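Visitor: Have a look at this one.
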Amino acid sequence: MKTYRKNSALAIAALAAFLITTGCHHKQAPAPEAPAPPPAEAAPAPTASITVTPDTINPGQSAALNWTSTNATDVSIDGIGAVETSGTKTVSPAETTTYHLVARGNGGSTDATATLTVAAPPPPPPVAPEALTESEFEQNVKPIFFDFDAYTIRPDAQSVIAQDASFLQSHPTAKILIAGYCDERGSEEYNLALGQNRANSAKTALTQAGVDASRIRTISYGKEKQFCTEHNESCWQQNRRAQFSLDQ
Amino acid sequence: MEASPSFASKQAVRLLLSFLFLATALASAQDWVRTGTNLGAQKIRLAAADFKMIGNDAALSNAQLTFNQVLFSDLTNAGIFDMVSKSMAPPAMPGSPQEIDLAQWNAPPANAAMVAFGSISVQNGRVIVFGWLFDAKNTQSAQVLGQQYNETLTPDTARHIAHEFADAIIARLGGGINGIAESKIFYISDRSGNKEVWEMDYDGANQQQITHIDSICLSPRISPDGQRLAFDELNSRGGNIRIYSMGLRRLVSFPIHDGTDYSPAWSPDGNSLAFSSSRSGDPEIWISSVAGFGLHRITAYRGPDVSPVFNPKTGDQIAWISGRTGLPQVYIMSSDGTNVQRLTDGGYATSVSWSPNGQLLAFAWSRNYGPGAPGGQDIYVMDIASRRWEQLTHDIGRTDFPSWSPDGRHIVFQRTVHGHSEIWTMLADGTGQQALTTVGNGRMPNWSWK
């Protein structure tokens, strides 16, 4: 076999080199030059290279695969199959791929690889900017108003709750404080409880609209804080409310 | 149906009896409030002579002036005396039993049945008072009371001794019920800029700030022993029950929950607090020990439940305000939550207070409540056993937060006119109304237990 012959020639050469090297220390008479073995009659080993340009793409983009080889009789690329000994091919893999080229020839075989990196999809934009300010919150999350001595959600408050809930769901890290308020009439202590019922009703409505209850805290200010201080019904209506604010 | 003679006569007797009963009931109905509050149907005609100054200490003149004013005021405020006005009284200052001419006091225009008199002196930094109460009609054995006081001189000593002597007279002539001259009233005032708890004497003297919380303080309730003050603090964290030690002059521990606790109330043994809490969702009445242990809920009905108060006589009942049927009404129940009874039949009823003898409730009521409805919010008292009620305030603005005095003869309340609130007192029959505060807004008064 050619391979065997080549190997034995190498072994002889190595042995000769070993003997020459160790012999140097003895300053003995040089041994008669062993006749160099005749060069083995061997076919040249194949060479191959493969590149991909560019080496990084985004999903859906393509890249050019270039390969060359010498002394090869058949060349194949894993996943593509048998190819010309040299050539180009456009590839568009969905994910990062290593192209493994194997070249075989009379002088043996060799291989080469090229890796095409497919970038991961871009990360989603950062969620719920923590920079949500109180004024942004108040512009988007409107209060709801209640009837006299009542804490049930009125029909006209349903659409407000829906919009409030939508905004709050798009800012899922924002914590919500719901404060119940009452008008100036009635008794202070009873109005604290009534305001608490109003805050609770608003919380229930938001929760039913999909806002996570664990984000919500409720308190009541009763009639201790007023938005409007005149003594008439339009003012009283302003004060009968559930007010939403950013819970710090 | 044919009636036998004996049956007919029985029926007649029954009719007669029921008629008599009805007549008696009608007659006493007019006085049931005065009876229930121990104010009595008849007032004793009492004169209080100016006390005689003995000696010439520099502090004596002021002390005597204060003493005379406070004694007369305390006896007037007691509600059980028909006081002889100073202008009707003889211009005499008897300093001892030897110096009094009882006939002079018993004669017109004074017509006094009883006379209080005595002397006051200041010696070596002490105030010494001898006080007597004489029966003006019983010249043989006139002395009803003889008291001696000897106390270190301070700016408040003359006032203090006058309170003690007045209370001694009231206890003797008022059926053994102790006077209230040394009781305190706790209330909310905003005169410092924030709603803080303040304290004053029962007559409005010595007003002083207790808390310095810098948020909103509400619903002050003094403990039965007067040592601890429970109240509600409202801030951005919500409403929480706080307890302030009157001795330590600082807040002491009570568990803070989700910021949904309101309106504390002491049990008469001082061991438990009832309050309104929304920790389970809906505002309900809860009870725990003063240390916060043994927390349990005693109401479970949708709607506001708030403002509990224990029956101070027995401790085994609670009155409170519930909006379970709509507008708030007065209810009572056993303190384990059973035997719920609604007491008011409509309108808007809040702020219930239980009288010391356990028989009466005082509360604020708008009988015609609603947008545009006529009628104001007034103080009412109700006899629990009979459900009879009587209106105590009329057309003096919006009145709220009645609180009984320890003798059950007085009620302190909040009066609001054009958005401005002051603390007022009156006798428990609605007479003798007078303002105790004049500065800032005074709200939510609570009378001490003794």
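Each chain in the structure tokens gets a letter, A, B, ..., in the order shown, and its residues are numbered from 1; ligands are numbered from 1 in order too.
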Kindly provide the residues of chain B that approach chain A to within 9 Å, each paired with its closest atom pair and their distance in Å to one decimal, based on only C-alpha atoms, listed by chain and increasing number, as CSV.

Guide:
```
residue,atom,partner,partner_atom,distance
B:Ile216,CA,A:Glu224,CA,8.1
B:Leu218,CA,A:Glu189,CA,8.3
B:Ser219,CA,A:Glu189,CA,7.6
B:Leu234,CA,A:Tyr221,CA,7.5
B:Asn235,CA,A:Tyr221,CA,8.4
B:Ser236,CA,A:Ile219,CA,8.0
B:Arg237,CA,A:Ile219,CA,7.4
B:Gly238,CA,A:Ile219,CA,4.9
B:Gly239,CA,A:Ile219,CA,7.2
B:Asp258,CA,A:Arg217,CA,8.3
B:Gly259,CA,A:Ile219,CA,6.5
B:Thr260,CA,A:Ile219,CA,6.2
B:Tyr262,CA,A:Leu192,CA,7.5
B:Ser263,CA,A:Glu189,CA,6.8
B:Ser276,CA,A:Ala193,CA,7.9
B:Ser277,CA,A:Ala193,CA,8.6
B:Ser278,CA,A:Gln196,CA,7.5
B:Gly281,CA,A:Asn200,CA,7.1
B:Asp282,CA,A:Asn197,CA,6.6
B:Pro283,CA,A:Ala193,CA,6.1
B:Glu284,CA,A:Ala193,CA,9.0
B:Gly303,CA,A:Asn197,CA,7.1
B:Pro304,CA,A:Ala193,CA,5.2
B:Asp305,CA,A:Ala193,CA,6.9
B:Val306,CA,A:Tyr190,CA,6.3
B:Ser307,CA,A:Glu189,CA,6.7
B:Ile321,CA,A:Tyr190,CA,7.6
B:Ser322,CA,A:Tyr190,CA,8.5
B:Gly323,CA,A:Leu194,CA,8.5
B:Gly326,CA,A:Asp149,CA,7.9
B:Leu327,CA,A:Asp149,CA,7.0
B:Pro328,CA,A:Tyr190,CA,7.7
B:Tyr348,CA,A:Gly186,CA,8.0
B:Ala349,CA,A:Ser187,CA,8.9
B:Thr350,CA,A:Ser187,CA,6.6
B:Ser351,CA,A:Ser187,CA,7.5
B:Ala364,CA,A:Ser187,CA,8.6
B:Gly370,CA,A:Phe148,CA,8.2
B:Pro371,CA,A:Phe148,CA,7.8
B:Gln377,CA,A:Gly186,CA,8.5
B:Asp400,CA,A:Ser187,CA,7.2
B:Phe401,CA,A:Ser187,CA,8.4
B:Gly419,CA,A:Glu184,CA,8.8
B:Met444,CA,A:Glu188,CA,8.7
```

Visitor: Please run DSSP on the backbone and report, as a ChimeraX atom specification, all residues within stretch 20-244 of chain A that come out as alpha helix (DSSP H).

Guide: /A:20-23,134-140,155-169,188-208,233-239

Visitor: Atoms to include: C-alpha atoms. Write the selected residues as an mmCIF file, in the first residue's frame.

Guide:
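Final file, again36.cif:
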```cif
data_model
loop_
_atom_site.group_PDB
_atom_site.id
_atom_site.type_symbol
_atom_site.label_atom_id
_atom_site.label_comp_id
_atom_site.auth_asym_id
_atom_site.auth_seq_id
_atom_site.Cartn_x
_atom_site.Cartn_y
_atom_site.Cartn_z
ATOM 1 C CA ILE A 20 22.918 10.947 13.596
ATOM 2 C CA THR A 21 21.891 13.163 16.447
ATOM 3 C CA THR A 22 22.956 10.838 19.246
ATOM 4 C CA GLY A 23 26.098 9.866 17.361
ATOM 5 C CA GLU A 134 -46.945 60.735 38.014
ATOM 6 C CA SER A 135 -48.204 63.270 35.522
ATOM 7 C CA GLU A 136 -48.089 60.724 32.676
ATOM 8 C CA PHE A 137 -49.934 58.319 34.921
ATOM 9 C CA GLU A 138 -52.594 60.831 35.836
ATOM 10 C CA GLN A 139 -53.046 61.915 32.210
ATOM 11 C CA ASN A 140 -53.722 58.333 31.196
ATOM 12 C CA PRO A 155 -72.201 52.739 33.443
ATOM 13 C CA ASP A 156 -70.297 55.886 32.442
ATOM 14 C CA ALA A 157 -67.320 54.703 34.493
ATOM 15 C CA GLN A 158 -67.039 51.377 32.655
ATOM 16 C CA SER A 159 -65.327 52.881 29.590
ATOM 17 C CA VAL A 160 -62.991 54.865 31.838
ATOM 18 C CA ILE A 161 -62.062 51.684 33.663
ATOM 19 C CA ALA A 162 -61.434 49.932 30.329
ATOM 20 C CA GLN A 163 -59.057 52.682 29.188
ATOM 21 C CA ASP A 164 -57.365 52.840 32.563
ATOM 22 C CA ALA A 165 -56.881 49.087 32.571
ATOM 23 C CA SER A 166 -55.471 49.138 29.040
ATOM 24 C CA PHE A 167 -52.868 51.735 29.951
ATOM 25 C CA LEU A 168 -51.999 49.925 33.161
ATOM 26 C CA GLN A 169 -51.538 46.635 31.330
ATOM 27 C CA GLU A 188 -66.376 61.818 58.689
ATOM 28 C CA GLU A 189 -66.049 58.279 60.025
ATOM 29 C CA TYR A 190 -68.806 56.829 57.870
ATOM 30 C CA ASN A 191 -67.290 58.499 54.828
ATOM 31 C CA LEU A 192 -63.953 56.807 55.524
ATOM 32 C CA ALA A 193 -65.687 53.457 55.209
ATOM 33 C CA LEU A 194 -67.699 54.613 52.191
ATOM 34 C CA GLY A 195 -64.506 55.869 50.507
ATOM 35 C CA GLN A 196 -62.915 52.501 51.229
ATOM 36 C CA ASN A 197 -65.839 50.779 49.507
ATOM 37 C CA ARG A 198 -65.378 53.099 46.496
ATOM 38 C CA ALA A 199 -61.664 52.281 46.298
ATOM 39 C CA ASN A 200 -62.486 48.577 46.612
ATOM 40 C CA SER A 201 -65.070 48.802 43.808
ATOM 41 C CA ALA A 202 -62.519 50.474 41.531
ATOM 42 C CA LYS A 203 -59.968 47.784 42.385
ATOM 43 C CA THR A 204 -62.444 45.028 41.578
ATOM 44 C CA ALA A 205 -63.292 46.690 38.251
ATOM 45 C CA LEU A 206 -59.618 47.039 37.280
ATOM 46 C CA THR A 207 -58.925 43.446 38.308
ATOM 47 C CA GLN A 208 -61.838 42.203 36.222
ATOM 48 C CA GLU A 233 -73.705 69.406 43.545
ATOM 49 C CA SER A 234 -71.166 69.858 40.739
ATOM 50 C CA CYS A 235 -68.468 70.193 43.342
ATOM 51 C CA TRP A 236 -69.776 67.305 45.386
ATOM 52 C CA GLN A 237 -69.762 65.135 42.254
ATOM 53 C CA GLN A 238 -66.085 66.006 41.712
ATOM 54 C CA ASN A 239 -65.352 64.812 45.209
#
```

Visitor: Using only C-alpha atoms, which residue out of B:Ala116, B:Val412, B:Leu133, B:Val290 lies closest to B:Asp269?

Guide: B:Val290

Visitor: Using only C-alpha atoms, can you tell me which of B:Ser192, B:Gln433, B:Ser183, B:Gln317 comes closest to B:Ile332?

Guide: B:Gln317

Visitor: For B:Asn441, list every protein, DNA or RNA residue within 12 Å, evaluated using only C-alpha atoms, and leave out those in the same chain fewer than 6 positions away; present the list as a list of chain:residue names.

Guide: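 Near B:Asn441, the qualifying residues are B:Tyr187, B:Ile188, B:Ser189, B:Asp190, B:Arg191, B:Ser192, B:Gly193, B:Asn194, B:Lys195, B:Glu196, B:Val197, B:Trp198, B:Gln414, B:Arg415, B:Thr416, B:Val417, B:His418, B:Gly419, B:His420, B:Ser421, B:Glu422, B:Ile423, B:Trp424.
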
Visitor: Provide the atom CA of A:Thr98 to atom CA of A:Ser86 distance in Å, to one decimal place.

Guide: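 Atom CA of A:Ser86 lies at a distance of 18.0 Å from atom CA of A:Thr98.
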
Visitor: Excluding same-chain residues fewer than 4 positions from stretch 39-56 of chain A, what lies within 7 Å of it counting only C-alpha atoms, as a ChimeraX atom specification?

Guide: /A:2,5-6,63-72,103-119
